[in-house]
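Novice: First, the structure itself, so that you have it in front of you.
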Amino acid sequence: MLDENQYALDAIAQYELIYGKDFVSPGGAEMAAKLIESMQLPRGAHVLDAGSGLGGSAFMMARRFGLRVDGVDLSVNMIEQAQLRKRAYGLAESVSFELKDCLKINSINRYDAIYSRDAFLHVEDKEKLFTVIARALKPNGQLLFTDYGCGPKPWTSAFSHYVSERGYHLRMVDEYATLVRKAGLSLLESKNMSGAFLDILNSEKQSISQLPISAEERALLIKSREAKIAHVTSGEHQWGLIRAVKKRR
């Protein structure tokens, strides 16, 4: 379903026009670099990129930070594109990609860090998700992710339609913090990043007006950004950042 709609090849091309080559998440390479650097991982550390998309963050982790990265994603189109790019970039030794549901990761004490950008919104069973993540992290391993979040219900019909149309499973930032703790991880940071998200959306709206696309495509993209801006401004649509660590026992 994802590959037929949200992550169809033409939709992926549009994401790249907006976010930059190899990226499909808000803030593109600039935000990815900021978050990856904040983890302060030593060179050679082993990272799981959960929902790795086109591989932009994984490639950056390998090239700029000297990390080993396993990427998993639910989208066939994303994985196929990431595999092609990995070979073209000569990163076969340090980066791997696999078509896999995050809930089916069965690693134990394997990763120094688990990183995810706006992918957990596709996962309904979030309690199981964080249990799987906690199990896969090494002692002292860290979790860092951003994800679309929501304000308390009731939502407007427009936002409810947006969420259901995309099949999203959204949680409030505070709910994510609770779920992380429940999985046995120690919460380091729980932050509502909606202000930064609003800045990104306004910047995207401006850049869309300059893209080499048809007037019809441009109008649709601008309309979608205006709708998101309205939802974020109202507090219905949020953007959260969570950072946690698996303490030694």
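As shown in the structure tokens, the chain order sets the letters A, B, ...; within each chain, residues go from 1, and ligands are also counted from 1 in the order they appear.
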Using the chain letters and numbers from this document, which residues of chain A does DSSP assign to strand (DSSP E or B), as a ChimeraX atom specification?

Specialist: /A:46-50,68-73,95-99,111-117,137-150,171,186-192,237-245

Novice: Produce a file of the selected residues containing C-alpha atoms, as a PDB file, in the first residue's frame.

Specialist:
```
ATOM      1  CA  HIS A  46      26.933   0.034  15.036  1.00  0.00           C
ATOM      2  CA  VAL A  47      23.638   1.828  14.354  1.00  0.00           C
ATOM      3  CA  LEU A  48      20.186   0.656  13.301  1.00  0.00           C
ATOM      4  CA  ASP A  49      18.329   3.176  11.130  1.00  0.00           C
ATOM      5  CA  ALA A  50      14.684   2.171  11.640  1.00  0.00           C
ATOM      6  CA  ARG A  68      28.360   1.065  10.554  1.00  0.00           C
ATOM      7  CA  VAL A  69      24.672   1.172   9.709  1.00  0.00           C
ATOM      8  CA  ASP A  70      21.895  -1.370   9.170  1.00  0.00           C
ATOM      9  CA  GLY A  71      18.819   0.201   7.590  1.00  0.00           C
ATOM     10  CA  VAL A  72      15.359  -1.366   7.609  1.00  0.00           C
ATOM     11  CA  ASP A  73      12.223  -0.089   5.904  1.00  0.00           C
ATOM     12  CA  VAL A  95      25.904   0.196   5.132  1.00  0.00           C
ATOM     13  CA  SER A  96      23.272  -2.529   4.660  1.00  0.00           C
ATOM     14  CA  PHE A  97      19.566  -2.281   3.879  1.00  0.00           C
ATOM     15  CA  GLU A  98      16.790  -4.803   4.410  1.00  0.00           C
ATOM     16  CA  LEU A  99      13.073  -4.849   3.681  1.00  0.00           C
ATOM     17  CA  TYR A 111      23.296  -1.942  18.451  1.00  0.00           C
ATOM     18  CA  ASP A 112      25.161   0.969  19.984  1.00  0.00           C
ATOM     19  CA  ALA A 113      22.348   3.234  18.837  1.00  0.00           C
ATOM     20  CA  ILE A 114      18.958   3.109  17.141  1.00  0.00           C
ATOM     21  CA  TYR A 115      18.010   6.135  15.080  1.00  0.00           C
ATOM     22  CA  SER A 116      14.722   6.857  13.335  1.00  0.00           C
ATOM     23  CA  ARG A 117      13.281   9.798  11.449  1.00  0.00           C
ATOM     24  CA  LEU A 137      20.183  -2.039  22.056  1.00  0.00           C
ATOM     25  CA  LYS A 138      23.428  -2.857  23.819  1.00  0.00           C
ATOM     26  CA  PRO A 139      23.714  -1.774  27.457  1.00  0.00           C
ATOM     27  CA  ASN A 140      24.370   1.991  27.379  1.00  0.00           C
ATOM     28  CA  GLY A 141      23.037   2.043  23.807  1.00  0.00           C
ATOM     29  CA  GLN A 142      20.962   5.047  22.896  1.00  0.00           C
ATOM     30  CA  LEU A 143      17.696   5.649  21.074  1.00  0.00           C
ATOM     31  CA  LEU A 144      17.069   8.867  19.179  1.00  0.00           C
ATOM     32  CA  PHE A 145      14.042   9.496  17.000  1.00  0.00           C
ATOM     33  CA  THR A 146      11.786  12.196  15.660  1.00  0.00           C
ATOM     34  CA  ASP A 147       8.200  11.461  14.733  1.00  0.00           C
ATOM     35  CA  TYR A 148       4.955  13.107  13.783  1.00  0.00           C
ATOM     36  CA  GLY A 149       2.810  13.498  16.867  1.00  0.00           C
ATOM     37  CA  CYS A 150      -0.590  14.866  17.744  1.00  0.00           C
ATOM     38  CA  ARG A 171       0.791   9.654  19.691  1.00  0.00           C
ATOM     39  CA  SER A 186      15.866   5.761  30.652  1.00  0.00           C
ATOM     40  CA  LEU A 187      14.423   8.897  29.104  1.00  0.00           C
ATOM     41  CA  LEU A 188      17.006  11.632  28.482  1.00  0.00           C
ATOM     42  CA  GLU A 189      14.954  14.087  26.453  1.00  0.00           C
ATOM     43  CA  SER A 190      11.343  14.474  25.403  1.00  0.00           C
ATOM     44  CA  LYS A 191      10.797  17.583  23.320  1.00  0.00           C
ATOM     45  CA  ASN A 192       7.939  19.067  21.349  1.00  0.00           C
ATOM     46  CA  HIS A 237      -0.241  18.165  14.440  1.00  0.00           C
ATOM     47  CA  GLN A 238       2.992  18.060  16.428  1.00  0.00           C
ATOM     48  CA  TRP A 239       6.569  16.955  15.862  1.00  0.00           C
ATOM     49  CA  GLY A 240       8.427  15.281  18.700  1.00  0.00           C
ATOM     50  CA  LEU A 241      11.989  14.319  19.532  1.00  0.00           C
ATOM     51  CA  ILE A 242      12.787  11.550  21.988  1.00  0.00           C
ATOM     52  CA  ARG A 243      16.213  10.565  23.296  1.00  0.00           C
ATOM     53  CA  ALA A 244      16.732   7.625  25.670  1.00  0.00           C
ATOM     54  CA  VAL A 245      19.397   5.178  26.832  1.00  0.00           C
TER      55      VAL A 245
END
```

Novice: What's around segment 81-83 of chain A at 8 Å? Count only C-alpha atoms, leave out sequence neighbours fewer than 4 positions away in its own chain, and write the answer as a ChimeraX atom specification.

Specialist: /A:53-55,77,87,96-97

Novice: For the residues in that selection, give me N, CA and C atoms as an mmCIF file, in the first residue's frame.

Specialist:
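The file below, out09.cif, is the result:
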```cif
data_model
loop_
_atom_site.group_PDB
_atom_site.id
_atom_site.type_symbol
_atom_site.label_atom_id
_atom_site.label_comp_id
_atom_site.auth_asym_id
_atom_site.auth_seq_id
_atom_site.Cartn_x
_atom_site.Cartn_y
_atom_site.Cartn_z
ATOM 1 N N GLY A 53 14.329 4.762 4.740
ATOM 2 C CA GLY A 53 13.976 5.511 3.545
ATOM 3 C C GLY A 53 14.960 5.312 2.409
ATOM 4 N N LEU A 54 15.363 6.407 1.780
ATOM 5 C CA LEU A 54 16.304 6.366 0.661
ATOM 6 C C LEU A 54 17.749 6.205 1.111
ATOM 7 N N GLY A 55 17.961 6.229 2.433
ATOM 8 C CA GLY A 55 19.305 5.997 2.957
ATOM 9 C C GLY A 55 20.117 7.238 3.258
ATOM 10 N N ASN A 77 10.018 0.200 -2.622
ATOM 11 C CA ASN A 77 10.616 1.236 -3.458
ATOM 12 C C ASN A 77 11.773 1.935 -2.757
ATOM 13 N N ARG A 87 25.427 1.165 -3.567
ATOM 14 C CA ARG A 87 26.456 0.647 -4.467
ATOM 15 C C ARG A 87 27.131 1.774 -5.242
ATOM 16 N N SER A 96 24.125 -1.476 5.209
ATOM 17 C CA SER A 96 23.272 -2.529 4.660
ATOM 18 C C SER A 96 21.820 -2.094 4.771
ATOM 19 N N PHE A 97 20.992 -2.581 3.849
ATOM 20 C CA PHE A 97 19.566 -2.281 3.879
ATOM 21 C C PHE A 97 18.777 -3.572 3.757
#
```

Novice: Taking a cut-off of 7 Å and counting only C-alpha atoms, can you build a table that, for each residue of segment 137-234 of chain A near segment 8-28 of chain A, reports the nearest atom pair and how far apart they are in Å (one decimal), sorted by chain then residue number, as CSV?

Specialist:
```
residue,atom,partner,partner_atom,distance
A:Ile200,CA,A:Gly27,CA,6.4
A:Glu204,CA,A:Ile18,CA,6.6
A:Ile208,CA,A:Ile18,CA,6.9
```

Novice: Those same residues - N, CA and C atoms - I'd like them written as a PDB file, in the first residue's frame.

Specialist:
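The resulting file, selection18.pdb, is reproduced below:
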```pdb
ATOM      1  N   ILE A 200      10.209  24.811   9.333  1.00  0.00           N
ATOM      2  CA  ILE A 200      10.555  23.956   8.193  1.00  0.00           C
ATOM      3  C   ILE A 200       9.443  23.976   7.147  1.00  0.00           C
ATOM      4  N   GLU A 204       9.671  25.147   3.370  1.00  0.00           N
ATOM      5  CA  GLU A 204       9.311  24.250   2.271  1.00  0.00           C
ATOM      6  C   GLU A 204       8.327  24.938   1.321  1.00  0.00           C
ATOM      7  N   ILE A 208       9.053  25.389  -2.605  1.00  0.00           N
ATOM      8  CA  ILE A 208       8.193  24.735  -3.599  1.00  0.00           C
ATOM      9  C   ILE A 208       7.856  25.684  -4.738  1.00  0.00           C
TER      10      ILE A 208
END
```

Novice: When distances are computed from only C-alpha atoms, which of A:Ala134, A:Ile79, A:Leu121, A:Leu84 shows the smallest separation from Asn106 of chain A?

Specialist: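 Residue with the minimum atom-to-atom distance to Asn106 of chain A: A:Ala134.
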
Novice: With a distance cut-off of 7 Å and only C-alpha atoms, select the neighbouring residues of segment 127-131 of chain A, excluding the residue or stretch itself and same-chain residues fewer than 5 positions from it, and output the selection as a list of chain:residue names.

Specialist: A:Cys102, A:Leu103, A:Leu179, A:Val180, A:Ala183

Novice: Would you save the residues of that selection, restricted to N, CA and C atoms, as a PDB file, in the first residue's frame?

Specialist:
```pdb
ATOM      1  N   CYS A 102       9.848  -3.160  11.485  1.00  0.00           N
ATOM      2  CA  CYS A 102      10.590  -2.925  12.739  1.00  0.00           C
ATOM      3  C   CYS A 102      10.173  -3.890  13.849  1.00  0.00           C
ATOM      4  N   LEU A 103       8.910  -4.296  13.836  1.00  0.00           N
ATOM      5  CA  LEU A 103       8.417  -5.180  14.887  1.00  0.00           C
ATOM      6  C   LEU A 103       9.008  -6.581  14.779  1.00  0.00           C
ATOM      7  N   LEU A 179       5.880   5.487  26.904  1.00  0.00           N
ATOM      8  CA  LEU A 179       6.121   4.201  26.251  1.00  0.00           C
ATOM      9  C   LEU A 179       7.588   3.798  26.308  1.00  0.00           C
ATOM     10  N   VAL A 180       8.461   4.774  26.130  1.00  0.00           N
ATOM     11  CA  VAL A 180       9.906   4.511  26.180  1.00  0.00           C
ATOM     12  C   VAL A 180      10.309   4.041  27.576  1.00  0.00           C
ATOM     13  N   ALA A 183       9.201   0.513  28.358  1.00  0.00           N
ATOM     14  CA  ALA A 183      10.022  -0.513  27.718  1.00  0.00           C
ATOM     15  C   ALA A 183      11.339  -0.753  28.466  1.00  0.00           C
TER      16      ALA A 183
END
```

Novice: For Gly90 of chain A, which residue out of A:Phe159, A:Ala219, A:Ala62, A:Tyr168 is the nearest one, using only C-alpha atoms?

Specialist: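 Result for the nearest residue to Gly90 of chain A: A:Ala62.
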
Novice: Got a sec: who's within 9 Å of Leu2 of chain A, counting only C-alpha atoms, leaving out chain neighbours fewer than 2 positions off, as a VMD selection string?

Specialist: chain A and resid 4 to 8 74 to 76 166

Novice: Enumerate the residues of segment 20-245 of chain A with a DSSP assignment of helix (DSSP H, G or I), computed from the backbone, and present them as a VMD selection string.

Specialist: chain A and resid 28 to 39 56 to 65 76 to 89 102 to 104 120 to 122 126 to 136 157 to 166 173 to 182 194 to 208 215 to 234

Novice: Report as a PyMOL selection string all protein, DNA and RNA residues lying within 12 Å of Ala230 of chain A, evaluated on only C-alpha atoms, omitting residues in the same chain fewer than 3 positions from it.

Specialist: chain A and resi 156+158-159+194+197-198+201-202+223-227+233-238
